[in-house]
>>> print(open('target-v9.cif').read())   # mmCIF, C-alpha atoms, pLDDT in the B column; chains and numbers go by the auth columns
data_coords
loop_
_atom_site.group_PDB
_atom_site.id
_atom_site.type_symbol
_atom_site.label_atom_id
_atom_site.label_comp_id
_atom_site.label_asym_id
_atom_site.label_seq_id
_atom_site.Cartn_x
_atom_site.Cartn_y
_atom_site.Cartn_z
_atom_site.B_iso_or_equiv
_atom_site.auth_seq_id
_atom_site.auth_asym_id
ATOM 1 C CA MET A 1 -17.807 -12.205 1.444 55.00 1 A
ATOM 2 C CA PRO A 2 -15.052 -14.146 3.210 70.00 2 A
ATOM 3 C CA ILE A 3 -11.769 -14.691 1.457 81.00 3 A
ATOM 4 C CA GLY A 4 -10.384 -18.221 1.313 86.00 4 A
ATOM 5 C CA ILE A 5 -6.920 -19.256 2.393 92.00 5 A
ATOM 6 C CA VAL A 6 -5.944 -20.134 -1.187 92.00 6 A
ATOM 7 C CA THR A 7 -6.831 -16.611 -2.344 89.00 7 A
ATOM 8 C CA MET A 8 -4.842 -15.095 0.517 92.00 8 A
ATOM 9 C CA LEU A 9 -1.857 -17.284 -0.332 96.00 9 A
ATOM 10 C CA GLY A 10 -2.143 -16.333 -4.016 94.00 10 A
ATOM 11 C CA VAL A 11 -2.165 -12.619 -3.138 94.00 11 A
ATOM 12 C CA TYR A 12 0.904 -13.119 -0.911 97.00 12 A
ATOM 13 C CA ILE A 13 2.799 -14.938 -3.684 97.00 13 A
ATOM 14 C CA ILE A 14 2.020 -12.123 -6.134 96.00 14 A
ATOM 15 C CA CYS A 15 3.190 -9.556 -3.565 96.00 15 A
ATOM 16 C CA TRP A 16 6.360 -11.591 -2.899 97.00 16 A
ATOM 17 C CA TRP A 17 7.341 -11.837 -6.584 97.00 17 A
ATOM 18 C CA THR A 18 6.632 -8.157 -7.186 97.00 18 A
ATOM 19 C CA VAL A 19 8.745 -7.099 -4.197 97.00 19 A
ATOM 20 C CA LEU A 20 11.522 -9.537 -5.200 96.00 20 A
ATOM 21 C CA PHE A 21 11.960 -7.858 -8.575 95.00 21 A
ATOM 22 C CA ALA A 22 12.051 -4.476 -6.841 95.00 22 A
ATOM 23 C CA VAL A 23 14.661 -5.626 -4.271 94.00 23 A
ATOM 24 C CA LEU A 24 17.013 -7.580 -6.581 91.00 24 A
ATOM 25 C CA PRO A 25 18.769 -4.562 -8.129 88.00 25 A
ATOM 26 C CA LEU A 26 19.389 -2.896 -4.748 86.00 26 A
ATOM 27 C CA GLY A 27 23.050 -2.818 -3.814 79.00 27 A
ATOM 28 C CA ALA A 28 24.231 -3.884 -7.246 74.00 28 A
ATOM 29 C CA SER A 29 27.101 -1.796 -8.538 69.00 29 A
ATOM 30 C CA GLN A 30 27.330 -0.994 -12.226 64.00 30 A
ATOM 31 C CA GLU A 31 31.085 -0.461 -12.073 65.00 31 A
ATOM 32 C CA ARG A 32 33.452 -3.195 -13.175 58.00 32 A
ATOM 33 C CA HIS A 33 37.029 -2.212 -13.874 64.00 33 A
ATOM 34 C CA GLU A 34 38.351 -5.447 -15.322 70.00 34 A
ATOM 35 C CA PRO A 35 36.753 -8.143 -17.436 73.00 35 A
ATOM 36 C CA PRO A 36 35.531 -11.198 -15.545 71.00 36 A
ATOM 37 C CA THR A 37 37.917 -14.138 -15.778 74.00 37 A
ATOM 38 C CA ASP A 38 35.800 -16.787 -14.065 77.00 38 A
ATOM 39 C CA GLY A 39 33.167 -17.074 -16.799 74.00 39 A
ATOM 40 C CA ALA A 40 30.761 -14.623 -15.150 71.00 40 A
ATOM 41 C CA GLN A 41 28.692 -12.179 -17.154 75.00 41 A
ATOM 42 C CA TRP A 42 29.683 -8.512 -17.319 73.00 42 A
ATOM 43 C CA GLY A 43 26.466 -7.366 -15.666 70.00 43 A
ATOM 44 C CA ALA A 44 26.488 -9.920 -12.847 72.00 44 A
ATOM 45 C CA PRO A 45 27.171 -8.438 -9.386 74.00 45 A
ATOM 46 C CA ASP A 46 30.302 -9.552 -7.554 72.00 46 A
ATOM 47 C CA LYS A 47 28.358 -10.309 -4.350 79.00 47 A
ATOM 48 C CA PRO A 48 24.655 -10.884 -5.096 82.00 48 A
ATOM 49 C CA ASP A 49 23.772 -11.403 -1.379 89.00 49 A
ATOM 50 C CA LEU A 50 20.610 -13.328 -2.290 92.00 50 A
ATOM 51 C CA LYS A 51 19.906 -14.606 1.238 95.00 51 A
ATOM 52 C CA ARG A 52 19.603 -11.053 2.590 95.00 52 A
ATOM 53 C CA LYS A 53 17.491 -10.026 -0.397 95.00 53 A
ATOM 54 C CA PHE A 54 15.114 -12.990 0.050 96.00 54 A
ATOM 55 C CA ILE A 55 14.711 -12.204 3.763 97.00 55 A
ATOM 56 C CA THR A 56 14.068 -8.533 2.963 96.00 56 A
ATOM 57 C CA THR A 57 11.595 -9.550 0.256 97.00 57 A
ATOM 58 C CA THR A 58 9.728 -11.804 2.684 97.00 58 A
ATOM 59 C CA TRP A 59 9.152 -9.219 5.414 97.00 59 A
ATOM 60 C CA VAL A 60 8.419 -6.331 3.023 97.00 60 A
ATOM 61 C CA SER A 61 5.916 -8.464 1.118 97.00 61 A
ATOM 62 C CA ALA A 62 4.303 -9.534 4.404 97.00 62 A
ATOM 63 C CA LEU A 63 3.738 -5.858 5.257 98.00 63 A
ATOM 64 C CA LEU A 64 2.398 -5.187 1.768 97.00 64 A
ATOM 65 C CA TRP A 65 0.142 -8.261 2.018 96.00 65 A
ATOM 66 C CA LEU A 66 -1.272 -7.015 5.335 97.00 66 A
ATOM 67 C CA LEU A 67 -2.012 -3.660 3.717 96.00 67 A
ATOM 68 C CA VAL A 68 -3.713 -5.296 0.726 94.00 68 A
ATOM 69 C CA MET A 69 -5.768 -7.637 2.938 93.00 69 A
ATOM 70 C CA GLY A 70 -6.806 -4.681 5.088 93.00 70 A
ATOM 71 C CA LEU A 71 -7.961 -2.790 2.000 93.00 71 A
ATOM 72 C CA VAL A 72 -9.877 -5.853 0.792 90.00 72 A
ATOM 73 C CA TYR A 73 -11.633 -6.362 4.130 90.00 73 A
ATOM 74 C CA VAL A 74 -12.531 -2.680 4.453 90.00 74 A
ATOM 75 C CA GLY A 75 -13.983 -2.764 0.954 86.00 75 A
ATOM 76 C CA TRP A 76 -11.729 -0.204 -0.726 90.00 76 A
ATOM 77 C CA MET A 77 -10.227 -2.867 -2.989 86.00 77 A
ATOM 78 C CA PRO A 78 -12.836 -5.562 -3.557 83.00 78 A
ATOM 79 C CA LEU A 79 -11.874 -8.838 -5.158 80.00 79 A
ATOM 80 C CA PRO A 80 -14.114 -10.094 -7.973 78.00 80 A
ATOM 81 C CA ASP A 81 -16.618 -12.825 -7.205 75.00 81 A
ATOM 82 C CA LEU A 82 -15.597 -15.716 -9.441 70.00 82 A
ATOM 83 C CA THR A 83 -18.189 -18.235 -8.276 74.00 83 A
ATOM 84 C CA PRO A 84 -20.260 -19.698 -11.088 77.00 84 A
ATOM 85 C CA PRO A 85 -23.872 -18.514 -11.264 80.00 85 A
ATOM 86 C CA THR A 86 -26.492 -20.836 -9.852 81.00 86 A
ATOM 87 C CA ALA A 87 -29.139 -22.165 -12.182 71.00 87 A
#
>>> encode(input="target-v9.cif", output="structure tokens")
Amino acid sequence: MPIGIVTMLGVYIICWWTVLFAVLPLGASQERHEPPTDGAQWGAPDKPDLKRKFITTTWVSALLWLLVMGLVYVGWMPLPDLTPPTA
């Protein structure tokens, strides 16, 4: 059963969001010695470095997506057939 491009894109988006939430806390320090004076929250990092985290998320999720697609094509992780039954 061939997999459509929309399904592949959907699997990539799910991989991307999952990896993003795993990468976001990396490099964030819990230490803050003085209260923020610029209106920031106490738990907000001083330098979030989101561009680097988005780039890291993109290439890690691409590797994860390749692994998932390989497992789907080999048959170790089959996707359900959601086509409606024919009458």
>>> resolve_selection(input="target-v9.cif", expression="the PyMOL selection byres ((chain A and resi 51-56) around 10)", output="VMD selection string")
chain A and resid 16 19 to 20 23 to 27 48 to 50 57 to 62
>>> atom_distance(input="target-v9.cif", atom1="atom CA of A:Val6", atom2="atom CA of A:Val68")
15.1 Å
>>> resolve_selection(input="target-v9.cif", expression="the PyMOL selection byres ((chain A and resi 7) around 12)", output="ChimeraX atom specification")
/A:2-6,8-14,65,69,72,79-82
>>> write_last_selection(input="target-v9.cif", atoms="C-alpha atoms", output="PDB file, in the frame of the given file")
ATOM      1  CA  PRO A   2     -15.052 -14.146   3.210  1.00 70.00           C
ATOM      2  CA  ILE A   3     -11.769 -14.691   1.457  1.00 81.00           C
ATOM      3  CA  GLY A   4     -10.384 -18.221   1.313  1.00 86.00           C
ATOM      4  CA  ILE A   5      -6.920 -19.256   2.393  1.00 92.00           C
ATOM      5  CA  VAL A   6      -5.944 -20.134  -1.187  1.00 92.00           C
ATOM      6  CA  MET A   8      -4.842 -15.095   0.517  1.00 92.00           C
ATOM      7  CA  LEU A   9      -1.857 -17.284  -0.332  1.00 96.00           C
ATOM      8  CA  GLY A  10      -2.143 -16.333  -4.016  1.00 94.00           C
ATOM      9  CA  VAL A  11      -2.165 -12.619  -3.138  1.00 94.00           C
ATOM     10  CA  TYR A  12       0.904 -13.119  -0.911  1.00 97.00           C
ATOM     11  CA  ILE A  13       2.799 -14.938  -3.684  1.00 97.00           C
ATOM     12  CA  ILE A  14       2.020 -12.123  -6.134  1.00 96.00           C
ATOM     13  CA  TRP A  65       0.142  -8.261   2.018  1.00 96.00           C
ATOM     14  CA  MET A  69      -5.768  -7.637   2.938  1.00 93.00           C
ATOM     15  CA  VAL A  72      -9.877  -5.853   0.792  1.00 90.00           C
ATOM     16  CA  LEU A  79     -11.874  -8.838  -5.158  1.00 80.00           C
ATOM     17  CA  PRO A  80     -14.114 -10.094  -7.973  1.00 78.00           C
ATOM     18  CA  ASP A  81     -16.618 -12.825  -7.205  1.00 75.00           C
ATOM     19  CA  LEU A  82     -15.597 -15.716  -9.441  1.00 70.00           C
TER      20      LEU A  82
END
>>> atom_distance(input="target-v9.cif", atom1="atom CA of A:Cys15", atom2="atom CA of A:Ala28")
22.1 Å
>>> atom_distance(input="target-v9.cif", atom1="atom CA of A:Pro84", atom2="atom CA of A:Leu71")
24.7 Å
>>> build_atoms(input="target-v9.cif", residues="stretch 66-77 of chain A", atoms="all heavy atoms", output="PDB file, in the frame of the given file")
ATOM      1  N   LEU A  66      -0.371  -7.480   4.281  1.00 97.00           N
ATOM      2  CA  LEU A  66      -1.272  -7.015   5.335  1.00 97.00           C
ATOM      3  C   LEU A  66      -2.035  -5.770   4.892  1.00 97.00           C
ATOM      4  O   LEU A  66      -3.239  -5.637   5.163  1.00 97.00           O
ATOM      5  CB  LEU A  66      -0.494  -6.728   6.619  1.00 97.00           C
ATOM      6  CG  LEU A  66      -0.045  -7.948   7.401  1.00 97.00           C
ATOM      7  CD1 LEU A  66       0.862  -7.532   8.552  1.00 97.00           C
ATOM      8  CD2 LEU A  66      -1.241  -8.720   7.918  1.00 97.00           C
ATOM      9  N   LEU A  67      -1.355  -4.865   4.216  1.00 96.00           N
ATOM     10  CA  LEU A  67      -2.012  -3.660   3.717  1.00 96.00           C
ATOM     11  C   LEU A  67      -3.086  -4.015   2.690  1.00 96.00           C
ATOM     12  O   LEU A  67      -4.212  -3.518   2.762  1.00 96.00           O
ATOM     13  CB  LEU A  67      -0.984  -2.708   3.099  1.00 96.00           C
ATOM     14  CG  LEU A  67      -1.548  -1.466   2.428  1.00 96.00           C
ATOM     15  CD1 LEU A  67      -2.112  -0.511   3.466  1.00 96.00           C
ATOM     16  CD2 LEU A  67      -0.499  -0.799   1.577  1.00 96.00           C
ATOM     17  N   VAL A  68      -2.758  -4.897   1.756  1.00 94.00           N
ATOM     18  CA  VAL A  68      -3.713  -5.296   0.726  1.00 94.00           C
ATOM     19  C   VAL A  68      -4.908  -6.009   1.355  1.00 94.00           C
ATOM     20  O   VAL A  68      -6.064  -5.729   1.018  1.00 94.00           O
ATOM     21  CB  VAL A  68      -3.033  -6.188  -0.339  1.00 94.00           C
ATOM     22  CG1 VAL A  68      -4.057  -6.839  -1.249  1.00 94.00           C
ATOM     23  CG2 VAL A  68      -2.043  -5.376  -1.148  1.00 94.00           C
ATOM     24  N   MET A  69      -4.663  -6.925   2.282  1.00 93.00           N
ATOM     25  CA  MET A  69      -5.768  -7.637   2.938  1.00 93.00           C
ATOM     26  C   MET A  69      -6.640  -6.674   3.742  1.00 93.00           C
ATOM     27  O   MET A  69      -7.858  -6.810   3.772  1.00 93.00           O
ATOM     28  CB  MET A  69      -5.234  -8.747   3.852  1.00 93.00           C
ATOM     29  CG  MET A  69      -4.711  -9.944   3.110  1.00 93.00           C
ATOM     30  SD  MET A  69      -5.985 -10.846   2.220  1.00 93.00           S
ATOM     31  CE  MET A  69      -5.619 -10.413   0.546  1.00 93.00           C
ATOM     32  N   GLY A  70      -6.017  -5.692   4.373  1.00 93.00           N
ATOM     33  CA  GLY A  70      -6.806  -4.681   5.088  1.00 93.00           C
ATOM     34  C   GLY A  70      -7.695  -3.897   4.137  1.00 93.00           C
ATOM     35  O   GLY A  70      -8.876  -3.651   4.437  1.00 93.00           O
ATOM     36  N   LEU A  71      -7.160  -3.523   2.981  1.00 93.00           N
ATOM     37  CA  LEU A  71      -7.961  -2.790   2.000  1.00 93.00           C
ATOM     38  C   LEU A  71      -9.083  -3.656   1.435  1.00 93.00           C
ATOM     39  O   LEU A  71     -10.178  -3.172   1.162  1.00 93.00           O
ATOM     40  CB  LEU A  71      -7.073  -2.280   0.863  1.00 93.00           C
ATOM     41  CG  LEU A  71      -6.086  -1.178   1.225  1.00 93.00           C
ATOM     42  CD1 LEU A  71      -5.192  -0.862   0.034  1.00 93.00           C
ATOM     43  CD2 LEU A  71      -6.802   0.060   1.710  1.00 93.00           C
ATOM     44  N   VAL A  72      -8.828  -4.948   1.285  1.00 90.00           N
ATOM     45  CA  VAL A  72      -9.877  -5.853   0.792  1.00 90.00           C
ATOM     46  C   VAL A  72     -10.983  -5.994   1.826  1.00 90.00           C
ATOM     47  O   VAL A  72     -12.174  -5.918   1.495  1.00 90.00           O
ATOM     48  CB  VAL A  72      -9.271  -7.230   0.426  1.00 90.00           C
ATOM     49  CG1 VAL A  72     -10.359  -8.268   0.207  1.00 90.00           C
ATOM     50  CG2 VAL A  72      -8.407  -7.106  -0.810  1.00 90.00           C
ATOM     51  N   TYR A  73     -10.627  -6.180   3.096  1.00 90.00           N
ATOM     52  CA  TYR A  73     -11.633  -6.362   4.130  1.00 90.00           C
ATOM     53  C   TYR A  73     -12.433  -5.097   4.394  1.00 90.00           C
ATOM     54  O   TYR A  73     -13.613  -5.165   4.726  1.00 90.00           O
ATOM     55  CB  TYR A  73     -11.009  -6.881   5.425  1.00 90.00           C
ATOM     56  CG  TYR A  73     -10.815  -8.369   5.409  1.00 90.00           C
ATOM     57  CD1 TYR A  73      -9.542  -8.923   5.385  1.00 90.00           C
ATOM     58  CD2 TYR A  73     -11.906  -9.232   5.397  1.00 90.00           C
ATOM     59  CE1 TYR A  73      -9.366 -10.293   5.352  1.00 90.00           C
ATOM     60  CE2 TYR A  73     -11.740 -10.600   5.362  1.00 90.00           C
ATOM     61  CZ  TYR A  73     -10.470 -11.121   5.347  1.00 90.00           C
ATOM     62  OH  TYR A  73     -10.303 -12.480   5.308  1.00 90.00           O
ATOM     63  N   VAL A  74     -11.810  -3.936   4.262  1.00 90.00           N
ATOM     64  CA  VAL A  74     -12.531  -2.680   4.453  1.00 90.00           C
ATOM     65  C   VAL A  74     -13.480  -2.431   3.288  1.00 90.00           C
ATOM     66  O   VAL A  74     -14.531  -1.812   3.459  1.00 90.00           O
ATOM     67  CB  VAL A  74     -11.521  -1.513   4.620  1.00 90.00           C
ATOM     68  CG1 VAL A  74     -12.190  -0.168   4.543  1.00 90.00           C
ATOM     69  CG2 VAL A  74     -10.773  -1.650   5.925  1.00 90.00           C
ATOM     70  N   GLY A  75     -13.126  -2.931   2.120  1.00 86.00           N
ATOM     71  CA  GLY A  75     -13.983  -2.764   0.954  1.00 86.00           C
ATOM     72  C   GLY A  75     -13.460  -1.752  -0.046  1.00 86.00           C
ATOM     73  O   GLY A  75     -14.118  -1.475  -1.046  1.00 86.00           O
ATOM     74  N   TRP A  76     -12.284  -1.195   0.191  1.00 90.00           N
ATOM     75  CA  TRP A  76     -11.729  -0.204  -0.726  1.00 90.00           C
ATOM     76  C   TRP A  76     -11.113  -0.851  -1.957  1.00 90.00           C
ATOM     77  O   TRP A  76     -10.901  -0.188  -2.961  1.00 90.00           O
ATOM     78  CB  TRP A  76     -10.673   0.637  -0.031  1.00 90.00           C
ATOM     79  CG  TRP A  76     -11.248   1.611   0.943  1.00 90.00           C
ATOM     80  CD1 TRP A  76     -12.564   1.841   1.175  1.00 90.00           C
ATOM     81  CD2 TRP A  76     -10.530   2.463   1.819  1.00 90.00           C
ATOM     82  NE1 TRP A  76     -12.708   2.786   2.151  1.00 90.00           N
ATOM     83  CE2 TRP A  76     -11.468   3.195   2.556  1.00 90.00           C
ATOM     84  CE3 TRP A  76      -9.194   2.689   2.050  1.00 90.00           C
ATOM     85  CZ2 TRP A  76     -11.111   4.117   3.500  1.00 90.00           C
ATOM     86  CZ3 TRP A  76      -8.831   3.614   2.993  1.00 90.00           C
ATOM     87  CH2 TRP A  76      -9.782   4.323   3.695  1.00 90.00           C
ATOM     88  N   MET A  77     -10.802  -2.147  -1.867  1.00 86.00           N
ATOM     89  CA  MET A  77     -10.227  -2.867  -2.989  1.00 86.00           C
ATOM     90  C   MET A  77     -10.905  -4.240  -3.067  1.00 86.00           C
ATOM     91  O   MET A  77     -10.321  -5.258  -2.694  1.00 86.00           O
ATOM     92  CB  MET A  77      -8.712  -3.016  -2.800  1.00 86.00           C
ATOM     93  CG  MET A  77      -7.999  -3.475  -4.043  1.00 86.00           C
ATOM     94  SD  MET A  77      -6.213  -3.413  -3.854  1.00 86.00           S
ATOM     95  CE  MET A  77      -5.916  -4.813  -2.826  1.00 86.00           C
TER      96      MET A  77
END
